[in-house]
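Chemist: Take a look at structure.pdb, PDB, C-alpha atoms, pLDDT in the B column:
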ATOM      1  CA  MET B   1       0.000   0.000   0.000  1.00 49.00           C
ATOM      2  CA  SER B   2       1.350   3.390  -0.982  1.00 54.00           C
ATOM      3  CA  ASP B   3       2.235   5.842   1.777  1.00 60.00           C
ATOM      4  CA  LEU B   4       1.389   8.888  -0.382  1.00 60.00           C
ATOM      5  CA  VAL B   5      -1.586  10.903   0.753  1.00 63.00           C
ATOM      6  CA  TYR B   6      -3.372  12.863  -1.987  1.00 60.00           C
ATOM      7  CA  PRO B   7      -5.464  15.909  -1.160  1.00 63.00           C
ATOM      8  CA  PRO B   8      -9.176  15.577  -1.659  1.00 67.00           C
ATOM      9  CA  GLU B   9     -10.440  16.574  -5.085  1.00 74.00           C
ATOM     10  CA  VAL B  10     -12.100  19.948  -5.405  1.00 75.00           C
ATOM     11  CA  VAL B  11     -14.365  20.953  -8.247  1.00 75.00           C
ATOM     12  CA  TYR B  12     -12.632  24.292  -8.561  1.00 76.00           C
ATOM     13  CA  ASN B  13      -9.429  22.583  -9.643  1.00 76.00           C
ATOM     14  CA  VAL B  14     -11.226  21.154 -12.670  1.00 77.00           C
ATOM     15  CA  ILE B  15     -12.077  24.609 -14.072  1.00 79.00           C
ATOM     16  CA  PRO B  16      -9.252  25.841 -16.346  1.00 81.00           C
ATOM     17  CA  LYS B  17      -7.538  29.035 -15.155  1.00 80.00           C
ATOM     18  CA  GLU B  18      -6.172  31.789 -17.311  1.00 83.00           C
ATOM     19  CA  LYS B  19      -2.420  32.251 -17.190  1.00 84.00           C
ATOM     20  CA  VAL B  20      -1.327  35.660 -16.015  1.00 82.00           C
ATOM     21  CA  HIS B  21       1.804  36.940 -17.784  1.00 83.00           C
ATOM     22  CA  SER B  22       3.802  39.302 -15.513  1.00 84.00           C
ATOM     23  CA  GLN B  23       5.847  41.927 -17.298  1.00 85.00           C
ATOM     24  CA  LYS B  24       9.241  42.805 -15.916  1.00 86.00           C
ATOM     25  CA  PRO B  25      10.007  46.530 -15.469  1.00 88.00           C
ATOM     26  CA  GLN B  26      12.554  48.040 -17.779  1.00 88.00           C
ATOM     27  CA  ARG B  27      16.118  47.921 -16.577  1.00 89.00           C
ATOM     28  CA  TYR B  28      17.625  51.196 -15.402  1.00 91.00           C
ATOM     29  CA  MET B  29      19.880  52.750 -18.006  1.00 91.00           C
ATOM     30  CA  SER B  30      21.974  55.794 -17.168  1.00 92.00           C
ATOM     31  CA  LYS B  31      21.771  58.748 -19.518  1.00 92.00           C
ATOM     32  CA  TYR B  32      25.571  59.111 -19.294  1.00 93.00           C
ATOM     33  CA  ARG B  33      26.246  55.610 -20.641  1.00 93.00           C
ATOM     34  CA  PRO B  34      27.152  56.695 -24.227  1.00 93.00           C
ATOM     35  CA  THR B  35      29.548  59.344 -22.883  1.00 93.00           C
ATOM     36  CA  VAL B  36      31.255  56.852 -20.598  1.00 91.00           C
ATOM     37  CA  LEU B  37      31.675  54.351 -23.427  1.00 90.00           C
ATOM     38  CA  LEU B  38      33.257  56.978 -25.683  1.00 89.00           C
ATOM     39  CA  GLU B  39      35.675  58.090 -22.956  1.00 87.00           C
ATOM     40  CA  GLU B  40      36.682  54.503 -22.209  1.00 83.00           C
ATOM     41  CA  LYS B  41      37.257  53.778 -25.893  1.00 80.00           C
ATOM     42  CA  ALA B  42      39.328  56.931 -26.341  1.00 77.00           C
ATOM     43  CA  ALA B  43      41.516  55.991 -23.343  1.00 71.00           C
ATOM     44  CA  LYS B  44      42.060  52.444 -24.624  1.00 70.00           C
ATOM     45  CA  ASP B  45      43.094  53.579 -28.093  1.00 60.00           C
ATOM     46  CA  ALA B  46      46.040  55.523 -26.667  1.00 54.00           C
ATOM     47  CA  MET B  47      47.459  52.413 -24.884  1.00 52.00           C
ATOM     48  CA  ARG B  48      46.738  49.821 -27.533  1.00 60.00           C
ATOM     49  CA  THR B  49      50.413  49.380 -28.538  1.00 60.00           C
ATOM     50  CA  MET B  50      53.477  48.385 -26.474  1.00 63.00           C
ATOM     51  CA  GLY B  51      56.100  50.999 -27.273  1.00 61.00           C
ATOM     52  CA  PRO B  52      56.245  53.824 -29.800  1.00 62.00           C
ATOM     53  CA  ALA B  53      53.419  54.024 -32.313  1.00 62.00           C
ATOM     54  CA  LYS B  54      55.708  54.598 -35.314  1.00 67.00           C
ATOM     55  CA  VAL B  55      58.997  52.687 -35.550  1.00 69.00           C
ATOM     56  CA  GLU B  56      61.444  52.995 -38.413  1.00 78.00           C
ATOM     57  CA  VAL B  57      61.671  49.650 -40.169  1.00 80.00           C
ATOM     58  CA  PRO B  58      65.263  48.649 -41.009  1.00 78.00           C
ATOM     59  CA  SER B  59      66.008  48.335 -44.688  1.00 86.00           C
ATOM     60  CA  ALA B  60      67.077  45.126 -46.352  1.00 86.00           C
ATOM     61  CA  ASP B  61      70.583  46.469 -47.078  1.00 87.00           C
ATOM     62  CA  LYS B  62      71.396  47.148 -43.389  1.00 84.00           C
ATOM     63  CA  TYR B  63      71.247  43.601 -42.129  1.00 87.00           C
ATOM     64  CA  LEU B  64      73.218  42.427 -39.087  1.00 86.00           C
ATOM     65  CA  LYS B  65      76.780  41.484 -39.950  1.00 87.00           C
ATOM     66  CA  LYS B  66      79.363  39.447 -38.129  1.00 90.00           C
ATOM     67  CA  HIS B  67      81.433  41.307 -35.467  1.00 87.00           C
ATOM     68  CA  SER B  68      79.452  44.473 -36.137  1.00 86.00           C
ATOM     69  CA  LYS B  69      78.588  44.983 -32.452  1.00 87.00           C
ATOM     70  CA  GLU B  70      82.065  44.371 -31.038  1.00 89.00           C
ATOM     71  CA  PRO B  71      83.983  47.433 -29.709  1.00 87.00           C
ATOM     72  CA  LYS B  72      86.501  48.826 -32.163  1.00 84.00           C
ATOM     73  CA  LEU B  73      89.937  50.124 -31.101  1.00 81.00           C
ATOM     74  CA  HIS B  74      91.583  53.208 -32.508  1.00 76.00           C
ATOM     75  CA  GLU B  75      93.769  52.647 -35.488  1.00 75.00           C
ATOM     76  CA  LYS B  76      97.522  52.798 -34.808  1.00 70.00           C
ATOM     77  CA  THR B  77      99.431  55.563 -36.527  1.00 68.00           C
ATOM     78  CA  GLN B  78     103.105  56.384 -36.714  1.00 61.00           C
ATOM     79  CA  GLY B  79     102.600  59.807 -35.088  1.00 56.00           C
ATOM     80  CA  SER B  80     100.856  58.465 -32.041  1.00 53.00           C
ATOM     81  CA  LYS B  81     103.656  55.929 -31.481  1.00 52.00           C
ATOM     82  CA  GLU B  82     106.318  58.619 -31.562  1.00 53.00           C
ATOM     83  CA  VAL B  83     104.417  60.809 -29.119  1.00 53.00           C
ATOM     84  CA  ARG B  84     104.007  57.926 -26.705  1.00 56.00           C
ATOM     85  CA  HIS B  85     107.744  57.082 -26.576  1.00 56.00           C
ATOM     86  CA  THR B  86     109.033  60.689 -26.652  1.00 58.00           C
ATOM     87  CA  PRO B  87     109.441  62.160 -23.091  1.00 57.00           C
ATOM     88  CA  ALA B  88     107.805  65.481 -22.395  1.00 62.00           C
ATOM     89  CA  LEU B  89     110.791  66.901 -20.441  1.00 75.00           C
ATOM     90  CA  LYS B  90     114.370  65.737 -20.693  1.00 84.00           C
ATOM     91  CA  LYS B  91     116.091  64.807 -17.478  1.00 86.00           C
ATOM     92  CA  PRO B  92     119.402  66.495 -16.622  1.00 86.00           C
ATOM     93  CA  PRO B  93     122.458  64.508 -17.683  1.00 88.00           C
ATOM     94  CA  VAL B  94     124.405  62.408 -15.202  1.00 89.00           C
ATOM     95  CA  PRO B  95     127.340  64.396 -13.756  1.00 87.00           C
ATOM     96  CA  ALA B  96     130.737  63.357 -15.017  1.00 89.00           C
ATOM     97  CA  ARG B  97     133.444  61.921 -12.825  1.00 88.00           C
ATOM     98  CA  THR B  98     135.590  65.019 -13.161  1.00 89.00           C
ATOM     99  CA  ASP B  99     132.835  67.444 -12.095  1.00 87.00           C
ATOM    100  CA  LYS B 100     133.329  69.106  -8.700  1.00 85.00           C
ATOM    101  CA  PRO B 101     130.373  69.602  -6.305  1.00 82.00           C
ATOM    102  CA  PRO B 102     129.301  73.201  -5.534  1.00 81.00           C
ATOM    103  CA  MET B 103     131.054  74.598  -2.436  1.00 81.00           C
ATOM    104  CA  GLY B 104     130.402  77.570  -0.162  1.00 79.00           C
ATOM    105  CA  ILE B 105     126.606  77.282   0.026  1.00 81.00           C
ATOM    106  CA  HIS B 106     125.344  78.529   3.406  1.00 81.00           C
ATOM    107  CA  THR B 107     121.931  78.044   5.025  1.00 83.00           C
ATOM    108  CA  LYS B 108     120.276  79.433   8.160  1.00 84.00           C
ATOM    109  CA  ARG B 109     119.009  76.050   9.283  1.00 82.00           C
ATOM    110  CA  ASP B 110     120.638  74.696  12.454  1.00 82.00           C
ATOM    111  CA  PHE B 111     121.064  70.996  11.785  1.00 79.00           C
ATOM    112  CA  ILE B 112     122.522  70.299  15.250  1.00 81.00           C
ATOM    113  CA  ARG B 113     119.525  71.785  17.056  1.00 81.00           C
ATOM    114  CA  THR B 114     117.117  70.039  14.704  1.00 78.00           C
ATOM    115  CA  ALA B 115     118.778  66.676  15.325  1.00 75.00           C
ATOM    116  CA  ALA B 116     118.923  67.211  19.099  1.00 75.00           C
ATOM    117  CA  ALA B 117     115.268  68.291  19.377  1.00 72.00           C
ATOM    118  CA  ALA B 118     112.900  65.795  20.951  1.00 68.00           C
ATOM    119  CA  PRO B 119     110.719  63.940  18.491  1.00 74.00           C
ATOM    120  CA  MET B 120     107.043  64.882  18.290  1.00 76.00           C
ATOM    121  CA  LYS B 121     104.994  62.825  20.734  1.00 82.00           C
ATOM    122  CA  PRO B 122     101.918  61.063  19.389  1.00 85.00           C
ATOM    123  CA  ARG B 123      98.554  62.333  20.562  1.00 87.00           C
ATOM    124  CA  PRO B 124      97.060  60.076  23.263  1.00 89.00           C
ATOM    125  CA  ALA B 125      94.320  57.786  22.005  1.00 90.00           C
ATOM    126  CA  CYS B 126      92.123  55.055  23.411  1.00 89.00           C
ATOM    127  CA  VAL B 127      90.747  51.828  21.959  1.00 89.00           C
ATOM    128  CA  ASP B 128      87.003  51.499  22.549  1.00 86.00           C
ATOM    129  CA  SER B 129      86.266  48.204  20.831  1.00 87.00           C
ATOM    130  CA  ARG B 130      87.793  44.773  20.591  1.00 87.00           C
ATOM    131  CA  GLY B 131      88.228  45.300  16.853  1.00 87.00           C
ATOM    132  CA  GLY B 132      90.890  47.923  17.530  1.00 87.00           C
ATOM    133  CA  HIS B 133      88.899  51.080  16.785  1.00 90.00           C
ATOM    134  CA  LYS B 134      90.836  54.124  18.018  1.00 89.00           C
ATOM    135  CA  GLN B 135      89.774  57.630  18.852  1.00 89.00           C
ATOM    136  CA  LEU B 136      91.526  60.593  20.412  1.00 89.00           C
ATOM    137  CA  LEU B 137      91.507  60.549  24.191  1.00 87.00           C
ATOM    138  CA  GLU B 138      90.649  64.250  24.299  1.00 85.00           C
ATOM    139  CA  ASN B 139      87.335  63.763  22.502  1.00 83.00           C
ATOM    140  CA  SER B 140      86.421  60.421  24.103  1.00 84.00           C
ATOM    141  CA  GLY B 141      84.903  61.914  27.277  1.00 82.00           C
ATOM    142  CA  LEU B 142      87.348  60.086  29.560  1.00 84.00           C
ATOM    143  CA  VAL B 143      89.460  63.180  30.217  1.00 85.00           C
ATOM    144  CA  PRO B 144      88.160  65.855  32.658  1.00 85.00           C
ATOM    145  CA  LYS B 145      88.101  68.543  30.022  1.00 81.00           C
ATOM    146  CA  TYR B 146      85.041  70.629  30.855  1.00 81.00           C
ATOM    147  CA  ILE B 147      85.557  70.894  34.618  1.00 83.00           C
ATOM    148  CA  LYS B 148      88.819  72.737  33.978  1.00 83.00           C
ATOM    149  CA  LYS B 149      87.184  75.484  31.976  1.00 84.00           C
ATOM    150  CA  LYS B 150      87.410  79.069  33.163  1.00 85.00           C
ATOM    151  CA  HIS B 151      83.661  79.524  33.750  1.00 83.00           C
ATOM    152  CA  TYR B 152      82.934  75.987  34.960  1.00 85.00           C
ATOM    153  CA  GLY B 153      80.394  75.835  37.788  1.00 84.00           C
ATOM    154  CA  GLU B 154      79.146  79.390  37.311  1.00 88.00           C
ATOM    155  CA  VAL B 155      75.498  80.214  36.752  1.00 89.00           C
ATOM    156  CA  PRO B 156      74.838  80.842  33.032  1.00 88.00           C
ATOM    157  CA  GLN B 157      73.921  84.314  31.893  1.00 90.00           C
ATOM    158  CA  TYR B 158      70.457  83.314  30.675  1.00 93.00           C
ATOM    159  CA  LEU B 159      69.609  81.828  34.088  1.00 93.00           C
ATOM    160  CA  ARG B 160      70.649  85.063  35.764  1.00 93.00           C
ATOM    161  CA  ARG B 161      68.448  87.003  33.374  1.00 94.00           C
ATOM    162  CA  LEU B 162      65.496  84.722  34.060  1.00 95.00           C
ATOM    163  CA  HIS B 163      66.045  85.026  37.803  1.00 94.00           C
ATOM    164  CA  GLU B 164      66.095  88.819  37.574  1.00 95.00           C
ATOM    165  CA  GLU B 165      62.887  88.787  35.531  1.00 95.00           C
ATOM    166  CA  GLU B 166      61.218  86.535  38.107  1.00 94.00           C
ATOM    167  CA  MET B 167      62.340  88.831  40.928  1.00 94.00           C
ATOM    168  CA  ARG B 168      60.916  91.869  39.133  1.00 94.00           C
ATOM    169  CA  ALA B 169      57.648  90.028  38.497  1.00 94.00           C
ATOM    170  CA  GLN B 170      57.483  88.993  42.163  1.00 93.00           C
ATOM    171  CA  GLU B 171      58.061  92.585  43.285  1.00 94.00           C
ATOM    172  CA  LYS B 172      55.274  93.795  41.010  1.00 93.00           C
ATOM    173  CA  ARG B 173      52.969  91.107  42.377  1.00 92.00           C
ATOM    174  CA  ASP B 174      53.806  92.022  45.961  1.00 91.00           C
ATOM    175  CA  ASP B 175      53.121  95.680  45.232  1.00 91.00           C
ATOM    176  CA  PHE B 176      49.795  94.792  43.606  1.00 89.00           C
ATOM    177  CA  VAL B 177      48.789  92.578  46.549  1.00 86.00           C
ATOM    178  CA  LYS B 178      49.781  95.306  48.977  1.00 83.00           C
ATOM    179  CA  GLU B 179      47.731  97.853  47.073  1.00 83.00           C
ATOM    180  CA  GLN B 180      44.698  95.550  46.987  1.00 78.00           C
ATOM    181  CA  ARG B 181      45.017  94.880  50.694  1.00 73.00           C
ATOM    182  CA  GLU B 182      45.135  98.588  51.397  1.00 73.00           C
ATOM    183  CA  LYS B 183      42.037  99.101  49.284  1.00 72.00           C
ATOM    184  CA  ARG B 184      40.181  96.373  51.132  1.00 68.00           C
ATOM    185  CA  ALA B 185      41.353  97.812  54.502  1.00 66.00           C
ATOM    186  CA  MET B 186      42.885  94.539  55.653  1.00 69.00           C
ATOM    187  CA  LYS B 187      44.020  94.435  59.237  1.00 75.00           C
ATOM    188  CA  HIS B 188      47.541  93.289  59.915  1.00 77.00           C
ATOM    189  CA  LEU B 189      47.899  90.967  62.879  1.00 81.00           C
ATOM    190  CA  SER B 190      50.768  91.829  65.167  1.00 83.00           C
ATOM    191  CA  GLU B 191      53.127  89.197  66.485  1.00 86.00           C
ATOM    192  CA  GLU B 192      51.366  89.127  69.869  1.00 87.00           C
ATOM    193  CA  GLU B 193      47.931  88.732  68.278  1.00 86.00           C
ATOM    194  CA  ARG B 194      49.203  86.009  65.982  1.00 86.00           C
ATOM    195  CA  ALA B 195      50.745  84.132  68.916  1.00 88.00           C
ATOM    196  CA  ALA B 196      47.562  84.476  70.961  1.00 88.00           C
ATOM    197  CA  THR B 197      45.423  83.239  68.080  1.00 87.00           C
ATOM    198  CA  LEU B 198      47.755  80.316  67.484  1.00 89.00           C
ATOM    199  CA  LYS B 199      47.647  79.405  71.156  1.00 89.00           C
ATOM    200  CA  GLY B 200      43.831  79.531  71.154  1.00 91.00           C
ATOM    201  CA  LEU B 201      43.665  77.302  68.090  1.00 90.00           C
ATOM    202  CA  LYS B 202      45.941  74.734  69.697  1.00 90.00           C
ATOM    203  CA  LYS B 203      43.900  74.825  72.885  1.00 91.00           C
ATOM    204  CA  SER B 204      40.696  74.239  70.920  1.00 91.00           C
ATOM    205  CA  TRP B 205      42.335  71.364  69.099  1.00 91.00           C
ATOM    206  CA  ASP B 206      43.397  69.797  72.425  1.00 91.00           C
ATOM    207  CA  GLU B 207      39.847  70.005  73.734  1.00 91.00           C
ATOM    208  CA  LEU B 208      38.426  68.408  70.608  1.00 89.00           C
ATOM    209  CA  HIS B 209      41.113  65.756  70.636  1.00 89.00           C
ATOM    210  CA  HIS B 210      40.327  64.959  74.303  1.00 88.00           C
ATOM    211  CA  GLU B 211      36.656  64.628  73.434  1.00 88.00           C
ATOM    212  CA  TYR B 212      37.517  62.498  70.424  1.00 87.00           C
ATOM    213  CA  GLN B 213      39.610  60.155  72.577  1.00 87.00           C
ATOM    214  CA  GLY B 214      36.630  59.694  74.893  1.00 85.00           C
ATOM    215  CA  LEU B 215      34.379  58.319  72.166  1.00 83.00           C
ATOM    216  CA  SER B 216      33.434  54.656  72.159  1.00 81.00           C
ATOM    217  CA  PHE B 217      35.515  52.354  70.015  1.00 78.00           C
ATOM    218  CA  VAL B 218      32.491  50.948  68.165  1.00 80.00           C
ATOM    219  CA  ALA B 219      30.160  53.425  66.455  1.00 76.00           C
ATOM    220  CA  ASP B 220      27.054  51.267  66.215  1.00 78.00           C
ATOM    221  CA  THR B 221      24.478  54.054  65.910  1.00 85.00           C
ATOM    222  CA  GLN B 222      23.992  56.833  63.402  1.00 87.00           C
ATOM    223  CA  SER B 223      24.348  59.541  66.056  1.00 87.00           C
ATOM    224  CA  LYS B 224      27.746  58.203  67.154  1.00 85.00           C
ATOM    225  CA  LYS B 225      28.944  58.084  63.546  1.00 87.00           C
ATOM    226  CA  SER B 226      27.800  61.644  62.809  1.00 89.00           C
ATOM    227  CA  HIS B 227      29.350  62.924  66.063  1.00 88.00           C
ATOM    228  CA  ARG B 228      32.676  61.266  65.201  1.00 88.00           C
ATOM    229  CA  LEU B 229      32.624  62.765  61.706  1.00 90.00           C
ATOM    230  CA  ARG B 230      31.897  66.260  63.055  1.00 90.00           C
ATOM    231  CA  LEU B 231      34.815  66.026  65.496  1.00 89.00           C
ATOM    232  CA  GLU B 232      37.176  64.809  62.761  1.00 90.00           C
ATOM    233  CA  ALA B 233      36.138  67.647  60.417  1.00 91.00           C
ATOM    234  CA  ALA B 234      36.588  70.258  63.159  1.00 91.00           C
ATOM    235  CA  MET B 235      40.009  68.896  64.094  1.00 91.00           C
ATOM    236  CA  LYS B 236      41.087  68.887  60.412  1.00 91.00           C
ATOM    237  CA  GLN B 237      40.025  72.529  60.025  1.00 91.00           C
ATOM    238  CA  LEU B 238      41.920  73.505  63.179  1.00 91.00           C
ATOM    239  CA  GLU B 239      45.028  71.675  61.933  1.00 91.00           C
ATOM    240  CA  ASP B 240      44.906  73.609  58.645  1.00 90.00           C
ATOM    241  CA  ASP B 241      44.536  76.920  60.485  1.00 89.00           C
ATOM    242  CA  ILE B 242      47.415  76.099  62.847  1.00 89.00           C
ATOM    243  CA  GLU B 243      49.651  75.189  59.891  1.00 89.00           C
ATOM    244  CA  LEU B 244      48.713  78.453  58.164  1.00 87.00           C
ATOM    245  CA  PHE B 245      49.555  80.576  61.227  1.00 86.00           C
ATOM    246  CA  GLU B 246      52.835  78.748  61.803  1.00 87.00           C
ATOM    247  CA  ARG B 247      53.913  78.982  58.180  1.00 85.00           C
ATOM    248  CA  PHE B 248      53.300  82.691  57.533  1.00 83.00           C
ATOM    249  CA  LYS B 249      54.520  85.408  59.862  1.00 81.00           C
ATOM    250  CA  THR B 250      52.548  88.176  58.161  1.00 81.00           C
ATOM    251  CA  ILE B 251      48.778  87.657  58.301  1.00 80.00           C
ATOM    252  CA  TYR B 252      45.976  90.008  57.218  1.00 76.00           C
ATOM    253  CA  ILE B 253      42.358  89.616  58.191  1.00 76.00           C
ATOM    254  CA  PRO B 254      39.349  91.582  56.911  1.00 72.00           C
ATOM    255  CA  GLN B 255      37.993  94.195  59.247  1.00 67.00           C
ATOM    256  CA  LYS B 256      34.407  93.921  60.421  1.00 61.00           C
TER     257      LYS B 256
END
As a first step, turn the structure in this file into structure tokens.
Modeler:
Amino acid sequence: MSDLVYPPEVVYNVIPKEKVHSQKPQRYMSKYRPTVLLEEKAAKDAMRTMGPAKVEVPSADKYLKKHSKEPKLHEKTQGSKEVRHTPALKKPPVPARTDKPPMGIHTKRDFIRTAAAAPMKPRPACVDSRGGHKQLLENSGLVPKYIKKKHYGEVPQYLRRLHEEEMRAQEKRDDFVKEQREKRAMKHLSEEERAATLKGLKKSWDELHHEYQGLSFVADTQSKKSHRLRLEAAMKQLEDDIELFERFKTIYIPQK
């Protein structure tokens, strides 16, 4: 028995159906297509050949001959041979046996002093590689050359100029700050007032520190935590103020 299962027949499938022909839309064609084709053809025509477009064709009479491409030497002539063997300047003749050497010639050169003078010493050098490369010891950096200079260890001129410019700028700034303080009517604390204020700040810090030491070790409630944080913030502010008063001797405060 076949395992295929056919669908039930329907009367509508018996009626013939008209075939619907679907038309495809026209393909897109760019309006610049003819121009592009002409430009491409014009560019290809220029590179259609390998090498020059017009080459001179050799004639039948100028065919390749044997030994035609070998280098040719100059032809030998009688004149060139004579010039080659003839010296440009004649050497003086050899003196005869009967000739006497010239006498009585004096010179200012002292041969005794020249012979007794010490020979010139070689410049010291050092070998900086196992291959034997040498260089002068003076330029090798092994000789204390720069510390023996006349101006060694002195402050350069440009650093002095920069220092003077900084000093002038600092003086101008101090004058400006002084003028602004005078305009704002800042009060200058005397040494006694500064010492008294510093003493009061330290006393306040001691009191806070004593209270801080008396806190419980475990902060298990929110109130204990907030109280500890307030004491730490107050002590930090007092420490900053104490450091400020100890660091600067001149202190200005605004007048009320």
Chemist: Could you please determine the separation between CA of Val155 in chain B and CA of Glu171 in chain B in Å, to one decimal place?
Modeler: 22.4 Å
Chemist: Taking 5 positions as the minimum chain separation for residues in the same chain, which residues sit within 12 Å of His210 in chain B when counting all atoms listed in the file? Answer as a compact mmCIF listing (two decimals) with C-alpha atoms, in the coordinates of the input.
Modeler:
# COMPACT_ATOMS: atom_id res chain seq x y z
CA LYS B 203 43.90 74.82 72.89
CA SER B 204 40.70 74.24 70.92
CA TRP B 205 42.34 71.36 69.10
CA LEU B 215 34.38 58.32 72.17
CA LEU B 231 34.82 66.03 65.50
CA GLU B 232 37.18 64.81 62.76
CA MET B 235 40.01 68.90 64.09
Chemist: What is the CA of His133 in chain B to CA of Lys121 in chain B distance in Å?
Modeler: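 Here the two named atoms are 20.3 Å from each other.
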Chemist: What's around range 227-230 of chain B at 10 Å? Count all atoms listed in the file, leave out sequence neighbours fewer than 4 positions away in its own chain, and write the answer as a list in words.
Modeler: Glu211, Tyr212, Leu215, Ser216, Ala219, Gln222, Ser223, Ala234, Met235 and Lys236 of chain B
Chemist: Give me, as JSON, numbers by chain, all polymer residues having an atom no more than 12 Å from Gln135 in chain B, counting only C-alpha atoms and skipping those fewer than 6 positions away in the same chain.
Modeler: {"B": [123, 124, 125, 126, 127, 128, 129, 141, 142]}
Chemist: I'd like to see the residues matched by the PyMOL selection byres ((chain B and resi 250) around 9) on this file, and ideally I'd get them as number ranges by chain.
Modeler: B: 188-191, 194, 245, 248-249, 251-252
Chemist: Find the distance between CA of Phe176 in chain B and CA of Ile253 in chain B and write it in Å to one decimal.
Modeler: 17.2 Å
Chemist: Choose the residue, out of B:Lys31, B:Lys65, B:Thr98, B:Pro254, that has the smallest atom-to-atom separation from Glu182 in chain B; count all atoms listed in the file.
Modeler: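 The shortest atom-to-atom distance to Glu182 in chain B comes from B:Pro254.
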